[in-house]
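Chemist: Let me begin by handing over the structure; questions about it come next.
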2 protein chains.
Amino acid sequence: MLTERRATVLGLVVHEYISTAVPVSSKALVDRYDLGVSPATIRNELARLEEDGYITHPHTSAGRVPSDQGYRVYVEALMAEEAIDAEERRTIEHQFYQASGGLDEWLSLGAAVLASAVGNVAVITRPRRTVAHLKNVQLVHLHDASALVVAVMDDGRVQQRLVTFTRPTTQAELTALAEALNVRHSTADAQTIRASLEDEGEPDRARIELALAELVDEHERSDDTYLDGVSDVLGQPEFQSPDRMLEAVQHLEAYELRRALPTTREVSAGHLRIVIGRENRSPWMSEWSAIVASYGSGGASGMLAVVGPTRMQYARTVPRVRYFAELMSEVLHAVGA
Amino acid sequence: MLTERRATVLGLVVHEYISTAVPVSSKALVDRYDLGVSPATIRNELARLEEDGYITHPHTSAGRVPSDQGYRVYVEALMAEEAIDAEERRTIEHQFYQASGGLDEWLSLGAAVLASAVGNVAVITRPRRTVAHLKNVQLVHLHDASALVVAVMDDGRVQQRLVTFTRPTTQAELTALAEALNVRHSTADAQTIRASLEDEGEPDRARIELALAELVDEHERSDDTYLDGVSDVLGQPEFQSPDRMLEAVQHLEAYELRRALPTTREVSAGHLRIVIGRENRSPWMSEWSAIVASYGSGGASGMLAVVGPTRMQYARTVPRVRYFAELMSEVLHAVGA
DNA sequence: GTTAGCACTCTCCCATCGAGAGTGCTAATG
DNA sequence: CATTAGCACTCTCGATGGGAGAGTGCTAAC
């Protein structure tokens with residue numbers, strides 16, 4: 001039941017509150033925007049919007065603040081996304097291709113660039129497959145009876161583990177063994193490796209195969225999370241009190257955010273998921289919003305998200321998260337993972 | 001020129017201030033400790049200690065606070081280290097051996113355990129050698145003309161990089177090539193690899209060797225830093241103002257701390273280095289202290305440190321840092337790196 | 001439906017003030 | 001000569017109390 005003018009007013013309230021962090025008064029609206037009506041009229045509209053639950057009142061004589069519902073309408077219908085101009089694109093892409101090392105570095109850089117582009121916390125998870133397969137094994141002799149099992153997964157990620165044997169061995173022996181294992185287990189998943197594990201007499205070989213299975217398992221379950229921008233977000237006025245700030249720091253840890261945010265598969269490819277305030281599954285996030293996207297293809301996909309106070313620059317953040325998702329999908333595709 | 005009693009008083013002032021965070025008054029001292037003299041006498045001693053620069057005064061009618069110099073004397077001569085009882089040792093070791101994965105996980109767990117043991121920020125750097133040597137190479141075919149170069153270093157760390165060739169290739173071909181490379185470059189350092197790089201006609205092989213040299217270089221220069229305990233330290237009273245807290249969060253980042261703390265080689269093995277307040281090389285650390293140790297052997301060594309406000313529980317922290325250094329050296333030695 | 005006018009409410013800032021804590025000094029004491 | 005009691009002085013801190021300002025909601029007029 002939003003009349004057109006009421007919708008406009010709601011949009012302006014949200015916009016204004018997002019940029020100033022100050023409860024919005026009727027006067028502020030008519031002063032700053034060309035509404036063609038008096039503050040009194042706006043007050044009536046505001047009262048109506050409040051009745052309908054789109055905005056609230058911190059106290060009797062303060063301006064209006066959007067409610068979760070207000071933000072939701074804003075995000076879905078009212079806001080005008082802020083386009084990314086060529087200049088900004090260039091900057092982002094430039095920073096993005098700075099990563100010289102492996103996937104790790106690339107992801108962590110990505111989080112940093114995203115965070116600085118939107119001035120909030122950015123989270124990126126490593127792309128992963130639903131079922132991980134082994135691609136290649138190598139055994140590296142360390143000394144006496146210990147060696148390193150180095151497993152390359154089919155998405156190009158490397159896992160390693162130290163294994164100790166019952167008797168001393170040599171690199172030559174291990175190389176031969178690795179050859180045999182590669183023939184046998186190439187493109188196997190953890191279950192397959194485990195299944196073929198019984199019929200063996202050799203304990204050392206079994207030990208390696210067990211380690212392999214575990215490595216594949218571990219890889220499958222691993223969802224390393226990269227996070228950046230905590231100190232950006234803490235500068236915002238919502239964290240002026242030390243209690244608030246401390247609370248935020250305590251919650252903004254990779255493992256806690258991973259739990260609080262939608263998983264990769266809960267976000268359909270190509271779409272953004274916006275979770276506002278109490279819509280979040282974690283109670284501590286009741287005053288936070290998250291803009292979440294997935295990237296990559298069906299083959300291997302990860303999640304990226306921007307997390308900030310509900311009073312977040314949605315119009316700016318949404319297109320940027322989308323852009324990052326595209327960018328990262330492209331790169332991932334080009335690398336062929 | 002510290003008389004015995006003056007030294008005692010200084011010790012008590014530091015001790016008291018560390019545990020209460022409140023400027024220490026003459027009355028508080030005689031009330032809480034059995035000094036056998038009146039507050040007035042203590043006041044005289046305090047005045048003298050202040051004259052000599054061991055303590056200061058926030059303002060005329062406040063108690064005394066230790067200066068950097070005061071903490072220094074305390075740390076070097078006055079404090080009684082708090083021993084680690086069997087119970088605590090068990091707890092620490094128990095947590096310590098939880099790490100199932102590789103070195104990464106172990107180091108990051110180590111930082112977490114250390115941080116929680118001392119209630120301050122803990123920093124641990126990956127053990128590294130002065131000159132890194134290659135131990136073993138493997139080439140894993142990804143698709144068409146791209147492959148992963150997986151290099152195992154002599155300290156057991158794995159580095160990887162994607163390489164694209166001028167023409168498509170196969171795993172068999174790559175395996176053979178890897179074999180040849182292993183024969184040729186086993187135990188080589190970056191320089192050696194580079195030196196042998198000229199006399200080649202094959203561009204793809206050269207490309208791999210270049211990547212190898214770069215990987216070794218990278219490994220040599222890498223000093224990954226693990227950090228934990230930021231939110232522990234932020235609970236302390238010195239960070240009650242949001243400005244302070246924000247400043248702390250901004251500085252307590254891995255890369256910044258790495259710069260601000262002594263390097264591994266600046267800390268002699270088996271000894272702790274304690275850096276108090278303005279003794280730190282970074283100006284922002286003028287109200288922070290660091291207790292730094294190295295661990296590992298000449299072969300490969302890293303640094304571990306606890307960082308907190310100058311008002312830090314030195315008596316508790318020092319033995320714990322020392323204990324961790326020993327523990328980690330042992331584990332590292334056992335693994336044989 | 002819109003608007004001017006106005007009473008009312010609530011926050012926020014600031015000034016004030018007194019209590020309390022602690023010092024430094026002085027003079028007396030063992 | 002070290003120690004101590006006494007006391008004036010200083011400074012912080014918390015409570016108190018307006019007063020200014022901002023904003024609303026209501027009413028009545030347009």
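Simple scheme: letters A, B, ... for chains in structure tokens order, numbers from 1 for residues in each chain, numbers from 1 for ligands in the order shown.
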For chain D, report every residue with an atom at most 10 Å from chain B (counting only C-alpha atoms (C1' of nucleotides)), formatted as a PDB file with N, CA and C atoms (P, O5', C5', C4', C3', O3' and C1' of nucleotides), in the first residue's frame.

Modeler:
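Here's the written file selection_0.pdb:
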ATOM      1  P    DA D   2      68.560   9.904  56.261  1.00  0.00           P
ATOM      2  O5'  DA D   2      67.419   8.825  56.531  1.00  0.00           O
ATOM      3  C5'  DA D   2      67.717   7.671  57.312  1.00  0.00           C
ATOM      4  C4'  DA D   2      66.510   7.282  58.102  1.00  0.00           C
ATOM      5  C3'  DA D   2      65.232   7.111  57.272  1.00  0.00           C
ATOM      6  O3'  DA D   2      64.575   5.934  57.707  1.00  0.00           O
ATOM      7  C1'  DA D   2      64.856   8.660  59.000  1.00  0.00           C
ATOM      8  P    DT D   3      63.226   5.506  57.043  1.00  0.00           P
ATOM      9  O5'  DT D   3      62.181   6.197  58.010  1.00  0.00           O
ATOM     10  C5'  DT D   3      62.087   5.741  59.357  1.00  0.00           C
ATOM     11  C4'  DT D   3      60.973   6.472  60.050  1.00  0.00           C
ATOM     12  C3'  DT D   3      59.607   6.396  59.348  1.00  0.00           C
ATOM     13  O3'  DT D   3      58.676   5.826  60.245  1.00  0.00           O
ATOM     14  C1'  DT D   3      60.102   8.612  60.019  1.00  0.00           C
ATOM     15  P    DT D   4      57.261   5.401  59.733  1.00  0.00           P
ATOM     16  O5'  DT D   4      56.391   6.638  60.208  1.00  0.00           O
ATOM     17  C5'  DT D   4      56.465   7.031  61.583  1.00  0.00           C
ATOM     18  C4'  DT D   4      55.752   8.344  61.771  1.00  0.00           C
ATOM     19  C3'  DT D   4      54.396   8.441  61.069  1.00  0.00           C
ATOM     20  O3'  DT D   4      53.434   8.908  61.989  1.00  0.00           O
ATOM     21  C1'  DT D   4      55.668  10.351  60.629  1.00  0.00           C
ATOM     22  P    DA D   5      52.008   8.272  61.952  1.00  0.00           P
ATOM     23  O5'  DA D   5      51.157   9.517  62.430  1.00  0.00           O
ATOM     24  C5'  DA D   5      51.559  10.210  63.608  1.00  0.00           C
ATOM     25  C4'  DA D   5      51.203  11.669  63.476  1.00  0.00           C
ATOM     26  C3'  DA D   5      49.801  11.930  62.920  1.00  0.00           C
ATOM     27  O3'  DA D   5      49.147  12.852  63.783  1.00  0.00           O
ATOM     28  C1'  DA D   5      51.415  13.146  61.673  1.00  0.00           C
ATOM     29  P    DC D   9      46.149  26.599  51.126  1.00  0.00           P
ATOM     30  O5'  DC D   9      46.456  25.763  49.817  1.00  0.00           O
ATOM     31  C5'  DC D   9      47.712  25.119  49.672  1.00  0.00           C
ATOM     32  C4'  DC D   9      47.657  24.155  48.518  1.00  0.00           C
ATOM     33  C3'  DC D   9      46.653  24.546  47.421  1.00  0.00           C
ATOM     34  O3'  DC D   9      47.320  24.574  46.180  1.00  0.00           O
ATOM     35  C1'  DC D   9      46.362  22.283  48.057  1.00  0.00           C
ATOM     36  P    DT D  10      46.520  25.070  44.878  1.00  0.00           P
ATOM     37  O5'  DT D  10      46.401  23.679  44.127  1.00  0.00           O
ATOM     38  C5'  DT D  10      47.536  22.819  44.064  1.00  0.00           C
ATOM     39  C4'  DT D  10      47.155  21.570  43.318  1.00  0.00           C
ATOM     40  C3'  DT D  10      46.269  21.820  42.108  1.00  0.00           C
ATOM     41  O3'  DT D  10      46.775  21.071  41.033  1.00  0.00           O
ATOM     42  C1'  DT D  10      45.267  20.222  43.529  1.00  0.00           C
ATOM     43  P    DC D  11      46.396  21.497  39.544  1.00  0.00           P
ATOM     44  O5'  DC D  11      45.516  20.238  39.140  1.00  0.00           O
ATOM     45  C5'  DC D  11      46.072  18.934  39.297  1.00  0.00           C
ATOM     46  C4'  DC D  11      44.955  17.921  39.325  1.00  0.00           C
ATOM     47  C3'  DC D  11      43.882  18.164  38.256  1.00  0.00           C
ATOM     48  O3'  DC D  11      43.938  17.107  37.314  1.00  0.00           O
ATOM     49  C1'  DC D  11      42.938  17.617  40.385  1.00  0.00           C
ATOM     50  P    DT D  12      42.840  16.995  36.167  1.00  0.00           P
ATOM     51  O5'  DT D  12      41.946  15.806  36.750  1.00  0.00           O
ATOM     52  C5'  DT D  12      42.601  14.642  37.248  1.00  0.00           C
ATOM     53  C4'  DT D  12      41.571  13.668  37.781  1.00  0.00           C
ATOM     54  C3'  DT D  12      40.441  13.346  36.810  1.00  0.00           C
ATOM     55  O3'  DT D  12      40.187  11.952  36.881  1.00  0.00           O
ATOM     56  C1'  DT D  12      39.537  14.183  38.824  1.00  0.00           C
TER      57       DT D  12
END

Chemist: Mind the document's chain letters and residue numbers, and return as a ChimeraX atom specification the residues of stretch 206-261 of chain A that DSSP labels helix (DSSP H, G or I).

Modeler: /A:206-221,230-234,237-239,242-251,254-260

Chemist: Write out, as a compact mmCIF listing (two decimals), in the first residue's frame, the residues just selected, with C-alpha atoms.

Modeler:
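Everything below was put into again.txt:
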# COMPACT_ATOMS: atom_id res chain seq x y z
CA ALA A 206 48.34 -48.59 3.47
CA ARG A 207 49.48 -45.77 5.66
CA ILE A 208 50.03 -43.54 2.67
CA GLU A 209 46.71 -44.45 1.15
CA LEU A 210 44.97 -43.67 4.40
CA ALA A 211 46.70 -40.32 4.51
CA LEU A 212 45.63 -39.73 0.93
CA ALA A 213 42.01 -40.46 1.67
CA GLU A 214 42.14 -38.14 4.63
CA LEU A 215 43.73 -35.41 2.58
CA VAL A 216 40.99 -35.64 -0.01
CA ASP A 217 38.35 -35.58 2.70
CA GLU A 218 39.98 -32.63 4.33
CA HIS A 219 40.14 -30.80 1.06
CA GLU A 220 36.49 -31.48 0.41
CA ARG A 221 35.47 -30.13 3.75
CA VAL A 230 37.54 -4.94 9.65
CA SER A 231 39.19 -1.66 10.47
CA ASP A 232 37.31 0.06 7.64
CA VAL A 233 33.98 -0.88 9.09
CA LEU A 234 34.96 0.04 12.62
CA PRO A 237 29.56 5.84 13.64
CA GLU A 238 27.68 2.74 14.80
CA PHE A 239 30.84 1.65 16.58
CA PRO A 242 33.89 0.77 22.82
CA ASP A 243 31.49 -2.01 23.76
CA ARG A 244 30.01 -2.06 20.31
CA MET A 245 33.38 -1.98 18.74
CA LEU A 246 34.76 -4.79 20.83
CA GLU A 247 31.72 -6.88 20.10
CA ALA A 248 32.18 -6.28 16.40
CA VAL A 249 35.84 -7.24 16.50
CA GLN A 250 35.00 -10.43 18.34
CA HIS A 251 32.39 -11.46 15.83
CA ALA A 254 36.56 -15.76 9.58
CA TYR A 255 35.14 -18.85 11.22
CA GLU A 256 32.26 -17.04 12.84
CA LEU A 257 31.24 -15.24 9.67
CA ARG A 258 31.39 -18.47 7.70
CA ARG A 259 28.76 -19.82 10.05
CA ALA A 260 26.61 -16.71 9.99

Chemist: May I ask for the distance between atom CA of A:Gly11 and atom CA of A:Tyr74, given in Å to one decimal place?

Modeler: 6.0 Å

Chemist: What does the distance between atom CA of A:Trp288 and atom CA of A:Val123 come to in Å, to one decimal place?

Modeler: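 Atom-to-atom, atom CA of A:Trp288 to atom CA of A:Val123, that is 14.0 Å.
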
Chemist: Tell me, counting only C-alpha atoms (C1' of nucleotides), for each residue of chain C within 12 Å of chain B, which pair of atoms is nearest and how far apart they are in Å to one decimal, in rows ordered by chain and increasing number, as a tab-separated table.

Modeler:
residue	atom	partner	partner_atom	distance
C:DG20	C1'	B:Ser61	CA	11.0
C:DA21	C1'	B:Ser61	CA	7.3
C:DG22	C1'	B:Ser61	CA	4.6
C:DT23	C1'	B:Ser61	CA	5.4
C:DG24	C1'	B:Arg43	CA	8.8
C:DC25	C1'	B:Asn44	CA	11.1

Chemist: Give me, as a PyMOL selection string, all polymer residues having an atom no more than 7 Å from A:Ser67, counting only C-alpha atoms (C1' of nucleotides) and skipping those fewer than 6 positions away in the same chain.

Modeler: chain A and resi 54-56

Chemist: Can you write out the residues you just picked, keeping N, CA and C atoms, as a PDB file, in the first residue's frame?

Modeler:
ATOM      1  N   TYR A  54       7.827   0.611   8.121  1.00  0.00           N
ATOM      2  CA  TYR A  54       9.010   0.801   7.287  1.00  0.00           C
ATOM      3  C   TYR A  54      10.104   1.610   7.969  1.00  0.00           C
ATOM      4  N   ILE A  55       9.683   2.399   8.929  1.00  0.00           N
ATOM      5  CA  ILE A  55      10.663   3.225   9.631  1.00  0.00           C
ATOM      6  C   ILE A  55      10.331   3.241  11.121  1.00  0.00           C
ATOM      7  N   THR A  56      11.279   3.681  11.912  1.00  0.00           N
ATOM      8  CA  THR A  56      11.024   3.840  13.352  1.00  0.00           C
ATOM      9  C   THR A  56      11.608   5.128  13.873  1.00  0.00           C
TER      10      THR A  56
END

Chemist: Within stretch 56-270 of chain A, find each residue whose DSSP state, derived from the backbone, is strand (DSSP E), and express the selection as JSON, numbers by chain.

Modeler: {"A": [56, 65, 66, 121, 122, 123, 124, 125, 134, 135, 136, 137, 138, 139, 140, 141, 142, 143, 146, 147, 148, 149, 150, 151, 152, 153, 158, 159, 160, 161, 162, 163, 164, 225, 226, 227, 228]}

Chemist: For the residues in the current selection, export N, CA and C atoms as a short mmCIF file (atom, residue, chain, number, x, y, z; two decimals), in the first residue's frame.

Modeler:
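Output (again-v7.cif):
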data_model
loop_
_atom_site.label_atom_id
_atom_site.label_comp_id
_atom_site.auth_asym_id
_atom_site.auth_seq_id
_atom_site.Cartn_x
_atom_site.Cartn_y
_atom_site.Cartn_z
N THR A 56 11.28 3.68 11.91
CA THR A 56 11.02 3.84 13.35
C THR A 56 11.61 5.13 13.87
N VAL A 65 14.33 6.54 11.32
CA VAL A 65 15.38 5.60 10.96
C VAL A 65 14.72 4.43 10.26
N PRO A 66 15.27 3.94 9.18
CA PRO A 66 14.64 2.82 8.48
C PRO A 66 14.65 1.56 9.35
N VAL A 121 33.49 -4.82 5.47
CA VAL A 121 34.18 -6.11 5.57
C VAL A 121 33.88 -6.95 4.33
N ALA A 122 34.90 -7.56 3.77
CA ALA A 122 34.70 -8.46 2.64
C ALA A 122 35.13 -9.86 3.03
N VAL A 123 34.36 -10.83 2.59
CA VAL A 123 34.65 -12.23 2.89
C VAL A 123 34.67 -13.00 1.58
N ILE A 124 35.66 -13.82 1.40
CA ILE A 124 35.70 -14.67 0.21
C ILE A 124 36.08 -16.08 0.64
N THR A 125 35.35 -17.06 0.16
CA THR A 125 35.75 -18.44 0.48
C THR A 125 36.42 -19.06 -0.74
N LEU A 134 41.22 -36.71 -6.39
CA LEU A 134 42.67 -36.64 -6.42
C LEU A 134 43.10 -36.49 -7.86
N LYS A 135 44.20 -35.77 -8.07
CA LYS A 135 44.70 -35.70 -9.44
C LYS A 135 46.06 -36.36 -9.54
N ASN A 136 46.86 -36.17 -8.52
CA ASN A 136 48.23 -36.61 -8.63
C ASN A 136 48.85 -36.66 -7.23
N VAL A 137 49.67 -37.67 -7.01
CA VAL A 137 50.35 -37.80 -5.72
C VAL A 137 51.84 -37.75 -5.93
N GLN A 138 52.53 -37.21 -4.95
CA GLN A 138 53.98 -37.31 -4.98
C GLN A 138 54.46 -37.60 -3.57
N LEU A 139 55.49 -38.40 -3.48
CA LEU A 139 56.07 -38.70 -2.17
C LEU A 139 57.46 -38.12 -2.13
N VAL A 140 57.73 -37.32 -1.14
CA VAL A 140 59.05 -36.72 -1.02
C VAL A 140 59.70 -37.21 0.26
N HIS A 141 60.86 -37.82 0.07
CA HIS A 141 61.57 -38.36 1.22
C HIS A 141 62.14 -37.23 2.06
N LEU A 142 61.89 -37.28 3.34
CA LEU A 142 62.45 -36.25 4.21
C LEU A 142 63.70 -36.76 4.90
N HIS A 143 63.53 -37.76 5.75
CA HIS A 143 64.72 -38.43 6.29
C HIS A 143 64.29 -39.75 6.90
N SER A 146 60.58 -41.02 7.33
CA SER A 146 59.48 -40.08 7.18
C SER A 146 59.47 -39.44 5.80
N ALA A 147 58.29 -39.16 5.33
CA ALA A 147 58.15 -38.57 4.01
C ALA A 147 56.94 -37.64 3.99
N LEU A 148 56.91 -36.83 2.96
CA LEU A 148 55.81 -35.91 2.79
C LEU A 148 54.92 -36.45 1.68
N VAL A 149 53.63 -36.56 1.96
CA VAL A 149 52.69 -36.92 0.92
C VAL A 149 52.13 -35.62 0.35
N VAL A 150 52.39 -35.38 -0.91
CA VAL A 150 51.89 -34.16 -1.53
C VAL A 150 50.81 -34.54 -2.53
N ALA A 151 49.60 -34.10 -2.29
CA ALA A 151 48.49 -34.47 -3.15
C ALA A 151 47.98 -33.25 -3.90
N VAL A 152 47.91 -33.36 -5.21
CA VAL A 152 47.32 -32.29 -6.00
C VAL A 152 45.88 -32.69 -6.30
N MET A 153 44.95 -31.82 -5.97
CA MET A 153 43.54 -32.13 -6.21
C MET A 153 43.14 -31.69 -7.61
N VAL A 158 46.81 -27.83 -3.61
CA VAL A 158 47.76 -28.82 -3.11
C VAL A 158 47.56 -29.04 -1.62
N GLN A 159 47.50 -30.28 -1.22
CA GLN A 159 47.44 -30.62 0.20
C GLN A 159 48.65 -31.47 0.53
N GLN A 160 49.11 -31.39 1.75
CA GLN A 160 50.31 -32.13 2.11
C GLN A 160 50.19 -32.70 3.51
N ARG A 161 50.90 -33.75 3.74
CA ARG A 161 50.92 -34.31 5.08
C ARG A 161 52.19 -35.12 5.30
N LEU A 162 52.64 -35.08 6.54
CA LEU A 162 53.81 -35.84 6.92
C LEU A 162 53.39 -37.26 7.29
N VAL A 163 54.13 -38.25 6.79
CA VAL A 163 53.83 -39.64 7.15
C VAL A 163 55.11 -40.32 7.62
N THR A 164 54.97 -41.12 8.66
CA THR A 164 56.12 -41.87 9.15
C THR A 164 55.90 -43.35 8.86
N THR A 225 38.41 -19.35 4.51
CA THR A 225 37.73 -18.08 4.38
C THR A 225 38.73 -16.94 4.48
N TYR A 226 38.67 -16.03 3.53
CA TYR A 226 39.54 -14.88 3.55
C TYR A 226 38.72 -13.66 3.90
N LEU A 227 39.28 -12.82 4.74
CA LEU A 227 38.51 -11.72 5.28
C LEU A 227 39.36 -10.47 5.33
N ASP A 228 38.76 -9.36 5.02
CA ASP A 228 39.49 -8.10 5.12
C ASP A 228 38.53 -6.95 5.36
#

Chemist: Do you know which residues are at most 12 Å from B:Glu81 counting only C-alpha atoms (C1' of nucleotides), after dropping those on the same chain fewer than 5 positions away, and could you put them as a count of residues only?

Modeler: 14

Chemist: What is the distance, in Å and to one decimal place, between atom CA of B:Pro262 and atom CA of B:Ala117?

Modeler: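 Between these atoms lies a distance of 21.9 Å.
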
Chemist: Which polymer residues have any atom within 10 Å of an atom of C:DG5, counting only C-alpha atoms (C1' of nucleotides), with same-chain residues fewer than 2 positions away left out, as number ranges by chain?

Modeler: C: 3, 7; D: 27-28

Chemist: Please produce an output containing C-alpha atoms (C1' of nucleotides) for each residue in the selection, written as a PDB file, in the first residue's frame.

Modeler:
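And here's selection_38.pdb as it stands now:
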ATOM      1  C1'  DT C   3      -0.167  23.593   5.720  1.00  0.00           C
ATOM      2  C1'  DA C   7       2.677  23.011  22.681  1.00  0.00           C
TER       3       DA C   7
ATOM      4  C1'  DT D  27      -5.324  21.190  15.722  1.00  0.00           C
ATOM      5  C1'  DA D  28      -7.408  24.301  13.006  1.00  0.00           C
TER       6       DA D  28
END

Chemist: Here is a test: counting only C-alpha atoms, which residue of B:Glu173, B:Asp155, B:Glu266, B:Glu202 is nearest to chain A?

Modeler: B:Asp155

Chemist: What lies within 7 Å of A:Ala325 using only C-alpha atoms (C1' of nucleotides), ignoring chain neighbours under 4 positions off, as a list in words?

Modeler: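 That gives Ala293, Ser294, Tyr295, Val321 and Ser329 of chain A.
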
Chemist: Can you tell me which residues surround stretch 309-311 of chain A at a distance of at most 7 Å, considering only C-alpha atoms (C1' of nucleotides), apart from same-chain residues fewer than 4 positions away, and format the answer as a PyMOL selection string?

Modeler: chain A and resi 18+276-277+287-289

Chemist: Of the candidates A:Arg273, A:Arg194, A:Arg157, A:Arg265, which one gets nearest to chain B if we count only C-alpha atoms?

Modeler: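 Closest to chain B, using only C-alpha atoms: A:Arg157.
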